[in-house]
Structures are given as structure tokens and as C-alpha cells.
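Data first, discussion second: the structure below is written as C-alpha cells.
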Amino acid sequence: MAGHPTLGLTTLPDGRLLVDALAADPEGWLGPEHVAAYGADTRLLVKLLHAGQRLPVHAHPDREFANRWLGRTHGKVEAWHILTGGDVYLGVRADVDLADVAALVDSQDTDGLLALLRRRRVERGDTVYVPAGMLHAIGEGILLAELQEPEDLSILLEWRGFGLDGAADGHLGVGFDRALAAVDLRPVSEEALDALISSDAWGSRTLPPAAAEYFRLERHRVSADLIEITLDRGFAIVLVTDGSITLATNGGEQILAAGATVVVPWDAGAMTISGSGEVLVARPPAPPS
């Protein structure tokens, strides 16, 4: 997290930080093909987020902006898998000038900023893809699993009432004139928004094709009728979202209840899940063939 270099880092059962374990054995964790294509970069960050209040209107820069102006490897494309439903705000509803947006930011007109965006109700099991540059906000009470590029880069348009110093921290250190240029102000139609949201999708069809450049997400359910599922070998974050499942690899078996999260290295081989429950499997982008 920006300004807090160790906050939120994953600690493994043996006490090591995941980032240190990856640096010591990148091929064992990520696989030789991934390392050949991307180095020791996981290209993926997964986190659970609960909105105790509506989150502020903001956007994230794309990779080109992050490379050019911030010296960062990644931008911040993200996706949300909804665990507890609510309202999300996503994409600009109608034509708006950059100068008008800048004026709303300067005056901290929170009603005006939120009114720029389309509002959509999402339910448990929905998945929302959020391209770089798209203005968005997450409504109060939503719990979600978020996949993203591994950077902490947010352009804050709104901060009044959120306990944030957006005037100082909301522009990524490049000033609002430059930061707001990274925001996509093209109107998003209802049909375009539909294409970003999948409802109750299973297997590997949870995200639109554009997401594959950044990350992958699978969603699987096992039960007495579907005794077990074998998943491809590779670095993955497995999150149990319902029930109780058994995760088996060449390292043994683990029984995992809802809420459990496991990081699986490439060295663990193919994964098998069984039991009665639902899991999310988050992965980096596939290496180029």
C-alpha cells in the first residue's frame, strides 16, 4: 500500500512474507513459463474488500500512464466478484467536459460527482470488470473479492466526508491537471455496462476477454453430484466462498471452510477440489504461447 510498504503483505504459515518466498524461488512459485515471460512479477493482487460506507468516486490509471508518469510497471485494472450485493457506480452516463469535472473536484461537489456515474445493482455471484480510467465507486455494505494489477494507484475525485486528504494524495503526486487526464470521460451506455458485468457465471467465463491480459478468474462448485474437479497446474489464489471443500495437491490435502484463502504455487502441481462448496480461483495472465 502506498506509504506503507509492508501493510497488507501476505505472510505464509512458515512466517515468511510471500514476496520474499517468490524472490527466493520464482520458478517454484510461478512456473518456468511465467518467469520466462514476466520475471518474478506475479502480475496479480487479490484482496477482500468490505465497504463499511460508500467508497469515494475514483479511477485508476492504465499501464501506459503509470509507466510514463509514475515509473510503475503496472496500472490498475481490476475486477470485483460480489459476495454481498448492493449498488455500484460505474462509468460516465453522458458527455462531460474535463474542465467541468475538475470544477466538481475542486469544490468537492460530492452529489455532482456521483451523479456523473451510472448506478447498477449487483448481487452475490456477479462479477464486474473495471477497465483502467473508468470512474467508479462501491456502495455501502458490499463485500467483494477483488482481482487487480499489483499496484496501489488511485486518482481520487471525491474525499469530503471520507477521512482522506485527497488534495494532497488524490493525484498520485503529479497534480490534478495531469492525473485527471488519465480518467476516461467517454459515456458508457447501458449495453456497454452490461458487457462488463456477468451474472452467475461459472468455470472460466466469469470475465470478459479483455481481462485476460491482466488476470484470470475461475468459479467452481462441487457437490455430491459433481464429486471433484481437477484444475490446471499454476500459481493461484483459491478463495472458498461457500460450504466446505477439500483441496488436494501433490503436497497433500487441506479441508477449507468458507472464508479460507490459500495461495498455491506452481510446484504444487494440478489441484483437485471436492466436497460441497464454491471456490474462486484467481490466476495471473497466461504466458504468451
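Residues in the C-alpha cells are named by chain (A, B, ... in the order shown) and by number from 1 within that chain; ligands are numbered from 1 in the order shown.
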_I need the alpha helix (DSSP H) residues of region 15-81 of chain A per DSSP on the backbone, written as a list in words._
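Matching residues, listed in order: Leu18, Val19, Asp20, Ala21, Leu22, Ala23, Ala24, Pro26, Glu27, Gly28, Trp29, Leu30, Pro32, Glu33, His34, Val35, Ala36, Ala37, Tyr38, Arg63, Glu64 and Phe65 of chain A.
If you count only C-alpha atoms and ignore residues fewer than 2 places along the chain from Gly251 (chain A), what sits within 12 Å of it is Leu247, Ala248, Thr249, Glu253, Gln254, Val264, Pro265, Trp266, Asp267, Ala268, Gly269, Ala270, Met271 and Thr272 of chain A.
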*With only C-alpha atoms as the atoms that count, which of A:Val77, A:Ile255, A:Ala145, A:Ala236 lies nearest to Thr42 (chain A)?*
A:Ala236
*Between A:Val57, A:Leu18, A:Ile227, A:Ala115, single out the one closest to Glu158 (chain A), counting only C-alpha atoms.*
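Result for the nearest residue to Glu158 (chain A): A:Val57.
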*Where does DSSP see strand (DSSP E) in region 17-164 of chain A, if you list the residues as a ChimeraX atom specification?*
/A:45-50,58-59,78-84,86-92,117-122,127-130,136-138,143-148,155-156
Write the residues of the selection above to a file with C-alpha atoms, as an mmCIF file, in the first residue's frame.
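Resulting contents of part_29.cif:
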data_model
loop_
_atom_site.group_PDB
_atom_site.id
_atom_site.type_symbol
_atom_site.label_atom_id
_atom_site.label_comp_id
_atom_site.auth_asym_id
_atom_site.auth_seq_id
_atom_site.Cartn_x
_atom_site.Cartn_y
_atom_site.Cartn_z
ATOM 1 C CA LEU A 45 -3.086 -8.948 -6.383
ATOM 2 C CA VAL A 46 -6.185 -10.400 -4.703
ATOM 3 C CA LYS A 47 -7.915 -8.872 -1.712
ATOM 4 C CA LEU A 48 -11.206 -8.916 0.159
ATOM 5 C CA LEU A 49 -12.903 -5.551 0.477
ATOM 6 C CA HIS A 50 -15.880 -4.629 2.629
ATOM 7 C CA HIS A 58 -12.200 7.484 -8.146
ATOM 8 C CA ALA A 59 -10.369 5.927 -11.090
ATOM 9 C CA GLU A 78 -9.444 -4.549 -11.541
ATOM 10 C CA ALA A 79 -12.429 -6.870 -11.244
ATOM 11 C CA TRP A 80 -14.885 -7.493 -8.426
ATOM 12 C CA HIS A 81 -16.609 -10.753 -7.571
ATOM 13 C CA ILE A 82 -19.602 -9.804 -5.454
ATOM 14 C CA LEU A 83 -20.081 -11.727 -2.197
ATOM 15 C CA THR A 84 -22.691 -9.430 -0.638
ATOM 16 C CA GLY A 86 -25.538 -3.656 -3.222
ATOM 17 C CA ASP A 87 -25.189 -0.692 -5.553
ATOM 18 C CA VAL A 88 -22.117 0.107 -7.623
ATOM 19 C CA TYR A 89 -21.434 3.227 -9.647
ATOM 20 C CA LEU A 90 -19.532 2.610 -12.847
ATOM 21 C CA GLY A 91 -18.768 4.673 -15.939
ATOM 22 C CA VAL A 92 -19.832 8.150 -17.029
ATOM 23 C CA LEU A 117 -21.928 7.860 -12.965
ATOM 24 C CA ARG A 118 -24.260 5.050 -13.912
ATOM 25 C CA ARG A 119 -25.742 3.185 -10.970
ATOM 26 C CA ARG A 120 -26.256 -0.557 -11.058
ATOM 27 C CA ARG A 121 -27.489 -3.082 -8.511
ATOM 28 C CA VAL A 122 -25.242 -6.134 -8.223
ATOM 29 C CA THR A 127 -18.566 -10.286 -11.437
ATOM 30 C CA VAL A 128 -17.722 -6.730 -12.509
ATOM 31 C CA TYR A 129 -14.771 -5.830 -14.752
ATOM 32 C CA VAL A 130 -13.387 -2.314 -14.264
ATOM 33 C CA HIS A 136 -16.341 4.121 -10.202
ATOM 34 C CA ALA A 137 -17.495 3.846 -6.607
ATOM 35 C CA ILE A 138 -18.585 0.895 -4.468
ATOM 36 C CA LEU A 143 -18.385 -7.362 0.286
ATOM 37 C CA LEU A 144 -16.301 -8.417 -2.671
ATOM 38 C CA ALA A 145 -13.210 -10.283 -3.740
ATOM 39 C CA GLU A 146 -11.074 -8.022 -5.892
ATOM 40 C CA LEU A 147 -8.536 -9.021 -8.523
ATOM 41 C CA GLN A 148 -6.236 -6.296 -9.744
ATOM 42 C CA ILE A 155 -6.986 9.061 -8.617
ATOM 43 C CA LEU A 156 -9.429 10.431 -6.042
#
